[in-house]
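*Asks:* Hey, dropping start-v9.cif in here, mmCIF, C-alpha atoms:
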data_start
loop_
_atom_site.label_atom_id
_atom_site.label_comp_id
_atom_site.auth_asym_id
_atom_site.auth_seq_id
_atom_site.Cartn_x
_atom_site.Cartn_y
_atom_site.Cartn_z
CA MET A 857 0.00 0.00 0.00
CA ASP A 858 2.68 2.48 -1.04
CA TYR A 859 0.07 5.03 -2.12
CA LEU A 860 -1.41 5.14 1.39
CA ARG A 861 2.00 5.86 2.89
CA THR A 862 2.45 8.84 0.54
CA GLU A 863 -1.11 10.02 1.07
CA PHE A 864 -0.71 9.77 4.84
CA GLN A 865 2.19 12.22 4.91
CA ALA A 866 0.27 14.70 2.76
CA ASN A 867 -2.79 14.49 4.99
CA THR A 868 -0.84 15.06 8.21
CA ASP A 869 0.69 18.25 6.82
CA SER A 870 -2.63 19.94 6.05
CA GLU A 871 -6.21 20.07 7.28
CA GLN A 872 -8.53 17.44 5.82
CA GLU A 873 -11.95 18.35 4.47
CA GLU A 874 -14.85 16.36 5.85
CA SER A 875 -16.76 14.35 3.27
CA THR A 876 -20.40 13.46 3.49
CA ILE A 877 -21.63 10.02 4.45
CA SER A 878 -22.14 7.66 1.53
CA GLU A 879 -25.74 6.63 0.99
CA SER A 880 -24.51 3.16 0.05
CA GLY A 881 -22.38 2.52 3.10
CA SER A 882 -22.63 2.74 6.85
CA CYS A 883 -21.18 1.28 10.02
CA ASP A 884 -24.58 0.13 11.25
CA SER A 885 -28.22 -0.04 10.29
CA TYR A 886 -28.68 3.61 11.30
CA ASP A 887 -30.34 6.40 9.36
CA LYS A 888 -28.16 9.02 7.71
CA GLY A 889 -28.19 11.38 10.67
CA LYS A 890 -26.98 8.71 13.06
CA ARG A 891 -24.28 7.60 10.65
CA LEU A 892 -23.00 11.17 10.62
CA SER A 893 -22.94 11.22 14.41
CA PHE A 894 -21.02 7.93 14.47
CA ALA A 895 -18.26 9.45 12.32
CA ASP A 896 -18.28 12.73 14.25
CA GLU A 897 -18.32 11.01 17.63
CA HIS A 898 -15.22 9.00 16.77
CA GLY A 899 -13.37 11.76 14.91
CA LEU A 900 -13.65 9.88 11.62
CA ILE A 901 -14.21 11.00 8.03
CA GLU A 902 -16.26 8.81 5.71
CA LEU A 903 -14.47 8.10 2.43
CA LEU A 904 -16.44 7.86 -0.80
CA GLU A 905 -15.98 5.80 -3.91
CA GLY A 906 -13.51 7.60 -6.16
CA ASP A 907 -11.25 8.62 -3.28
CA LYS A 908 -7.86 7.02 -3.98
CA ALA A 909 -7.48 5.61 -0.46
CA TYR A 910 -11.05 4.24 -0.56
CA ASP A 911 -10.51 2.55 -3.91
CA LEU A 912 -7.22 0.98 -2.85
CA ILE A 913 -8.62 -0.40 0.42
CA TYR A 914 -11.81 -1.57 -1.32
CA ARG A 915 -9.79 -3.53 -3.90
CA ASN A 916 -7.64 -4.98 -1.13
CA CYS A 917 -10.74 -6.15 0.75
CA LYS A 918 -12.42 -7.62 -2.31
CA SER A 919 -9.22 -9.40 -3.29
CA GLY A 920 -8.89 -10.96 0.16
CA LEU A 921 -12.56 -11.76 0.79
CA GLY A 922 -14.25 -12.01 -2.60
CA ASP A 923 -18.02 -11.88 -2.25
CA GLN A 924 -18.14 -13.59 1.15
CA CYS A 925 -18.65 -10.31 3.01
CA GLU A 926 -20.37 -6.99 2.47
CA LEU A 927 -18.12 -3.95 2.82
CA LEU A 928 -20.32 -1.23 4.31
CA SER A 929 -18.00 1.73 4.74
CA ILE A 930 -14.42 2.94 4.96
CA LEU A 931 -13.56 5.82 7.26
CA ARG A 932 -10.32 7.74 7.81
CA ASN A 933 -9.00 8.90 11.16
CA GLY A 934 -9.31 12.68 11.12
CA PHE A 935 -6.96 13.20 14.14
CA ARG A 936 -9.32 15.92 15.36
CA SER A 937 -9.02 15.56 19.12
CA VAL A 938 -6.06 16.64 21.25
CA GLY A 939 -5.41 13.02 22.24
CA SER A 940 -5.43 11.66 18.69
CA ARG A 941 -3.17 14.47 17.45
CA ALA A 942 -0.76 13.69 20.28
CA LYS A 943 -0.75 10.04 19.20
CA LEU A 944 0.02 11.11 15.63
CA LYS A 945 2.92 13.26 16.81
CA THR A 946 4.20 10.45 19.04
CA PHE A 947 4.20 8.02 16.14
CA GLN A 948 6.16 10.46 13.97
CA VAL A 949 8.73 11.02 16.73
CA PHE A 950 9.25 7.28 17.21
CA GLN A 951 9.46 6.76 13.45
CA GLU A 952 12.34 9.24 13.34
CA ALA A 953 13.97 7.55 16.34
CA VAL A 954 13.76 4.08 14.77
CA GLU A 955 15.10 5.46 11.49
CA MET A 956 18.14 6.91 13.30
CA LYS A 957 18.62 3.69 15.27
CA HIS A 958 18.79 1.56 12.13
CA GLY A 959 20.94 3.63 9.81
CA GLY A 960 20.06 7.32 9.87
CA GLY A 961 20.15 9.20 6.58
CA GLY A 962 19.70 7.85 3.09
CA GLY A 963 16.55 6.31 1.71
CA SER A 964 13.01 7.16 2.69
CA ARG A 965 11.95 7.40 6.32
CA SER A 966 9.42 4.59 5.96
CA SER A 967 11.99 2.22 4.38
CA LYS A 968 14.56 2.83 7.13
CA ALA A 969 11.96 2.43 9.87
CA LYS A 970 10.16 -0.34 7.95
CA VAL A 971 6.64 1.06 8.17
CA LYS A 972 3.87 -1.30 7.06
CA TYR A 973 0.08 -1.48 7.28
CA GLY A 974 -1.64 -4.06 9.47
CA TRP A 975 -5.20 -5.14 10.35
CA CYS A 976 -6.67 -5.72 13.77
CA SER A 977 -10.29 -6.19 14.83
CA VAL A 978 -11.82 -4.05 17.55
CA ALA A 979 -15.08 -4.06 19.47
CA LYS A 980 -17.33 -1.10 18.72
CA ARG A 981 -17.45 -0.20 22.41
CA ASP A 982 -13.63 0.11 22.50
CA LEU A 983 -13.22 2.10 19.30
CA LYS A 984 -13.54 5.60 20.72
CA SER A 985 -11.05 5.04 23.54
CA ILE A 986 -8.54 3.39 21.18
CA LEU A 987 -8.64 6.34 18.78
CA GLU A 988 -8.42 8.86 21.61
CA TYR A 989 -6.10 7.20 24.15
CA GLY A 990 -4.62 4.13 22.46
CA PHE A 991 -4.72 0.39 23.09
CA SER A 992 -5.09 -0.66 26.71
CA ASP A 993 -5.50 -4.43 26.82
CA PRO A 994 -5.03 -6.19 23.47
CA ARG A 995 -7.46 -9.08 23.08
CA ASN A 996 -5.73 -12.14 21.67
CA ASP A 997 -4.92 -15.68 22.71
CA GLY A 998 -1.44 -14.78 23.91
CA SER A 999 0.17 -17.44 21.74
CA TYR A 1000 3.01 -15.10 20.75
CA GLY A 1001 3.50 -13.37 24.08
CA ARG A 1002 2.06 -10.13 25.48
CA GLY A 1003 1.35 -7.65 22.78
CA LEU A 1004 -0.93 -6.42 20.04
CA TYR A 1005 -1.15 -8.80 17.06
CA LEU A 1006 -1.85 -7.40 13.61
CA SER A 1007 -2.29 -9.19 10.30
CA PRO A 1008 -0.36 -7.81 7.29
CA ASP A 1009 -2.42 -5.68 4.91
CA ASN A 1010 -2.68 -8.61 2.47
CA SER A 1011 -4.02 -10.97 5.17
CA LEU A 1012 -7.45 -9.52 5.90
CA LEU A 1013 -9.01 -13.00 6.00
CA GLN A 1014 -6.68 -14.00 8.84
CA CYS A 1015 -7.73 -10.91 10.80
CA LEU A 1016 -11.43 -11.68 10.27
CA LYS A 1017 -10.90 -15.30 11.27
CA ASP A 1018 -9.47 -14.14 14.60
CA SER A 1019 -12.31 -11.68 15.21
CA SER A 1020 -15.90 -12.11 16.33
CA PRO A 1021 -19.01 -10.20 15.19
CA GLU A 1022 -20.66 -7.57 17.37
CA SER A 1023 -23.71 -9.85 17.52
CA SER A 1024 -24.76 -13.10 15.91
CA GLU A 1025 -27.71 -11.32 14.30
CA ASP A 1026 -26.05 -8.58 12.24
CA GLY A 1027 -22.55 -10.02 11.72
CA MET A 1028 -20.97 -6.54 11.96
CA ARG A 1029 -17.20 -6.37 12.38
CA PHE A 1030 -14.99 -3.33 12.88
CA LEU A 1031 -11.46 -3.54 11.52
CA LEU A 1032 -8.69 -1.00 12.02
CA LEU A 1033 -6.11 -0.62 9.29
CA SER A 1034 -3.13 0.87 11.10
CA ARG A 1035 0.29 2.15 10.24
CA VAL A 1036 2.78 -0.19 11.95
CA LEU A 1037 6.34 0.82 12.81
CA LEU A 1038 8.13 -2.53 12.58
CA GLY A 1039 11.75 -1.42 12.64
CA LYS A 1040 13.87 -4.56 13.01
CA SER A 1041 11.74 -7.60 13.80
CA GLU A 1042 12.72 -10.81 15.56
CA ILE A 1043 11.03 -14.15 15.11
CA VAL A 1044 8.77 -15.12 18.01
CA PRO A 1045 7.92 -18.83 18.38
CA LYS A 1046 4.40 -19.88 19.21
CA GLY A 1047 3.99 -20.40 22.95
CA SER A 1048 6.35 -17.54 23.79
CA THR A 1049 5.81 -15.55 26.99
CA GLN A 1050 7.83 -12.61 25.70
CA SER A 1051 6.53 -9.12 26.53
CA CYS A 1052 9.25 -6.83 25.17
CA PRO A 1053 12.13 -6.97 22.66
CA SER A 1054 14.73 -9.61 23.57
CA SER A 1055 17.49 -7.03 23.05
CA PRO A 1056 17.85 -3.35 22.09
CA GLU A 1057 18.62 -4.50 18.54
CA PHE A 1058 14.96 -5.39 17.93
CA ASP A 1059 11.77 -3.34 17.90
CA THR A 1060 8.94 -5.80 17.18
CA GLY A 1061 8.23 -9.48 16.54
CA VAL A 1062 6.87 -11.61 13.70
CA ASP A 1063 5.90 -15.26 13.45
CA ASP A 1064 7.98 -15.66 10.29
CA LEU A 1065 10.69 -13.37 8.93
CA ALA A 1066 10.24 -14.22 5.25
CA SER A 1067 6.45 -14.23 5.10
CA PRO A 1068 4.86 -13.06 8.36
CA SER A 1069 1.20 -13.69 9.10
CA GLN A 1070 1.40 -11.87 12.45
CA TYR A 1071 3.02 -8.58 13.39
CA ILE A 1072 3.65 -8.70 17.16
CA ILE A 1073 3.86 -5.26 18.76
CA TRP A 1074 4.79 -5.57 22.42
CA THR A 1075 2.63 -3.93 25.07
CA THR A 1076 5.57 -1.62 25.75
CA HIS A 1077 5.40 -0.38 22.14
CA MET A 1078 1.78 -0.71 21.05
CA ASN A 1079 0.91 2.95 21.62
CA THR A 1080 4.07 4.32 20.02
CA HIS A 1081 4.53 1.92 17.10
CA VAL A 1082 0.90 1.54 15.92
CA LEU A 1083 -1.20 4.37 14.51
CA PRO A 1084 -4.84 3.59 13.57
CA GLU A 1085 -5.52 5.35 10.27
CA PHE A 1086 -8.61 3.73 8.73
CA LEU A 1087 -11.72 1.96 10.02
CA VAL A 1088 -13.40 -0.60 7.76
CA CYS A 1089 -16.91 -1.80 8.61
CA ILE A 1090 -17.78 -5.24 7.25
CA LYS A 1091 -20.85 -7.43 7.50
CA THR A 1092 -20.15 -11.15 7.50
CA PRO A 1093 -22.46 -14.17 7.09
CA PHE A 1094 -23.52 -15.86 10.32
CA ASN A 1095 -21.24 -18.89 9.80
CA PHE A 1096 -18.19 -16.93 8.67
CA PRO A 1097 -15.39 -18.04 8.47
CA ARG A 1098 -16.49 -21.65 8.96
CA SER A 1099 -16.85 -22.43 5.26
CA PRO A 1100 -16.98 -26.08 4.21
CA LYS A 1101 -14.63 -25.18 1.36
CA ARG A 1102 -11.97 -23.93 3.75
CA LEU A 1103 -9.18 -26.42 4.37
CA ARG A 1104 -8.56 -27.16 8.00
CA SER A 1105 -5.13 -28.10 9.28
CA PRO A 1106 -4.95 -31.55 10.84
CA TRP A 1107 -4.27 -32.68 14.36
CA MET A 1108 -1.75 -35.26 13.21
CA ALA A 1109 2.00 -35.67 13.29
CA PHE A 1110 3.56 -34.43 10.08
CA PRO A 1111 5.67 -37.58 9.68
CA VAL A 1112 2.39 -39.53 9.51
CA LEU A 1113 1.06 -37.17 6.87
CA ILE A 1114 4.31 -37.32 4.87
CA LYS A 1115 4.25 -41.12 4.94
CA ALA A 1116 0.69 -41.13 3.60
CA LEU A 1117 1.55 -38.59 0.90
CA SER A 1118 4.50 -40.70 -0.26
CA LYS A 1119 2.02 -43.22 -1.67
CA PHE A 1120 0.64 -40.60 -4.06
CA LEU A 1121 3.46 -38.13 -4.78
CA PRO A 1122 6.79 -38.67 -6.58
CA PRO A 1123 9.94 -38.80 -4.41
CA PRO A 1124 11.23 -35.30 -5.41
CA GLN A 1125 8.06 -33.71 -4.04
CA ILE A 1126 8.26 -35.72 -0.83
CA ILE A 1127 11.85 -34.55 -0.37
CA ILE A 1128 10.70 -30.93 -0.71
CA ILE A 1129 7.93 -31.48 1.86
CA GLN A 1130 10.44 -33.09 4.25
CA LYS A 1131 12.71 -30.07 3.85
CA HIS A 1132 9.85 -27.69 4.66
CA TYR A 1133 9.01 -29.80 7.71
CA LYS A 1134 12.64 -29.66 8.88
CA ASP A 1135 12.65 -25.87 8.43
CA GLN A 1136 9.52 -25.65 10.60
CA GLN A 1137 11.09 -27.87 13.28
CA ASN A 1138 14.13 -25.57 13.29
CA ARG A 1139 11.77 -22.55 13.55
CA ARG A 1140 12.87 -21.09 10.23
CA ILE A 1141 9.23 -21.06 9.09
CA SER A 1142 5.96 -21.09 11.03
CA ARG A 1143 3.51 -24.00 11.18
CA SER A 1144 0.96 -22.00 9.18
CA GLU A 1145 3.53 -21.38 6.44
CA LEU A 1146 4.46 -25.08 6.46
CA ILE A 1147 0.81 -25.98 5.90
CA GLN A 1148 0.51 -23.47 3.06
CA ARG A 1149 3.62 -24.87 1.35
CA VAL A 1150 2.39 -28.43 1.66
CA ARG A 1151 -0.99 -27.39 0.24
CA GLY A 1152 0.82 -25.78 -2.69
CA ILE A 1153 2.55 -29.07 -3.49
CA THR A 1154 -0.27 -31.55 -2.87
CA GLY A 1155 -3.38 -29.54 -3.74
CA ASP A 1156 -6.32 -29.32 -1.36
CA ARG A 1157 -8.25 -32.27 -2.81
CA LEU A 1158 -5.50 -34.85 -2.22
CA LEU A 1159 -4.74 -33.47 1.23
CA LEU A 1160 -8.39 -33.56 2.32
CA ASN A 1161 -8.87 -37.08 0.97
CA ILE A 1162 -5.85 -38.33 2.92
CA ILE A 1163 -7.05 -36.65 6.11
CA LYS A 1164 -10.49 -38.21 5.71
CA ALA A 1165 -9.03 -41.60 4.91
CA LEU A 1166 -6.83 -41.58 7.98
CA GLY A 1167 -9.85 -40.58 10.06
CA HIS A 1168 -7.97 -38.10 12.21
CA LYS A 1169 -9.51 -35.24 14.13
CA VAL A 1170 -9.04 -31.86 12.47
CA GLN A 1171 -9.12 -28.39 13.90
CA GLU A 1172 -10.14 -24.95 12.61
#
Could you spell out this file's structure in structure tokens?
*Replies:*
Amino acid sequence: MDYLRTEFQANTDSEQEESTISESGSCDSYDKGKRLSFADEHGLIELLEGDKAYDLIYRNCKSGLGDQCELLSILRNGFRSVGSRAKLKTFQVFQEAVEMKHGGGGGSRSSKAKVKYGWCSVAKRDLKSILEYGFSDPRNDGSYGRGLYLSPDNSLLQCLKDSSPESSEDGMRFLLLSRVLLGKSEIVPKGSTQSCPSSPEFDTGVDDLASPSQYIIWTTHMNTHVLPEFLVCIKTPFNFPRSPKRLRSPWMAFPVLIKALSKFLPPPQIIIIQKHYKDQQNRRISRSELIQRVRGITGDRLLLNIIKALGHKVQE
């Protein structure tokens, strides 16, 4: 999302004009007046179709979700309150500090500081306080230690999978697309109890260095290294994301799976799968990446048939 990074800098240097609420989109089943008050109450500006940021985020969402969900509205943080403007200034100060820490001059600020975009879901009741004061108690399963977990901007489905709707009736979900100051990341194994960088060399954590599915921003950094910039309101079907077409990873030892696959795949492919498994055991790749690589080699149909044939229990 390089355009958003450029657009962000331009918007923080000048006052933004408030746009009207789109008739086709909302963050709830409210009438137009109430939708306006929702944006005003939270210091947000509704983006309309044709706005470059809107179009880019819309395409990103459609690419990641297809037609499974209904995108209701996209809003930009207007940084109108004293607290939100202070958070913006804090983020900029820390971005400069991380840039100096990892090489100083030369290149763009965002490349030196490694600034990315990341998704996280929020409850509607927490939204106002997050935008005004910051994150207080990140809600996650703690599998990568104490911190705020964000999905990369191309992993919206993963973020939705880890979220829950506001109610089972309307399926509404509120997703923040935030600017994330990664700096230098260290790999964090699943089951970690880490709560801060392991050394001054590092700033943040990831589950996989080559292809992360989780950005891990420690509780010590989550209000200096994360800046909420957009809110996306999505309506999901009642059974989302439990789709029968979605492959589930098995509760089985990988050596058992590899042995079963060897009856169907040629030896060169089995050797590649064994190498990926060894990389995962040595924590060079995550379990989720291992599964994705195996799926890429075997195809979902063969993998599902083997799992069913072996009769093992599977998990989400």
*Asks:* Quick check on the file I pasted: which residues fall under the PyMOL selection byres ((chain A and resi 939) around 10)? Write them as an NGL selection string.
*Replies:* :A and (935-938 or 940-945 or 985 or 987-990)
*Asks:* State, in Å with one decimal place, the distance from atom CA of Val1112 of chain A to atom CA of Lys1017 of chain A.
*Replies:*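 One can read the atom CA of Val1112 of chain A to atom CA of Lys1017 of chain A distance as 27.7 Å.
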*Asks:* Find the spatial neighbours of Gly922 of chain A, counting only C-alpha atoms, within a cut-off of 12 Å - ignore same-chain residues fewer than 6 positions away - and output them as a PyMOL selection string.
*Replies:* chain A and resi 914-916+1012-1013+1092
*Asks:* Work out how far atom CA of Gln1050 of chain A is from atom CA of Leu1004 of chain A, in Å to one decimal.
*Replies:*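 Between atom CA of Leu1004 of chain A and atom CA of Gln1050 of chain A the gap works out to 12.1 Å.
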*Asks:* Name the residues that the PyMOL selection byres ((chain A and resi 1142) around 10) pulls out of this structure, and write them as a list in words.
*Replies:* Ile1043, Val1044, Pro1045, Lys1046, Val1062, Asp1063, Asp1064, Leu1065, Ala1066, Ser1067, Pro1068, Ser1069, His1132, Tyr1133, Asp1135, Gln1136, Gln1137, Asn1138, Arg1139, Arg1140, Ile1141, Arg1143, Ser1144, Glu1145, Leu1146, Ile1147 and Gln1148 of chain A
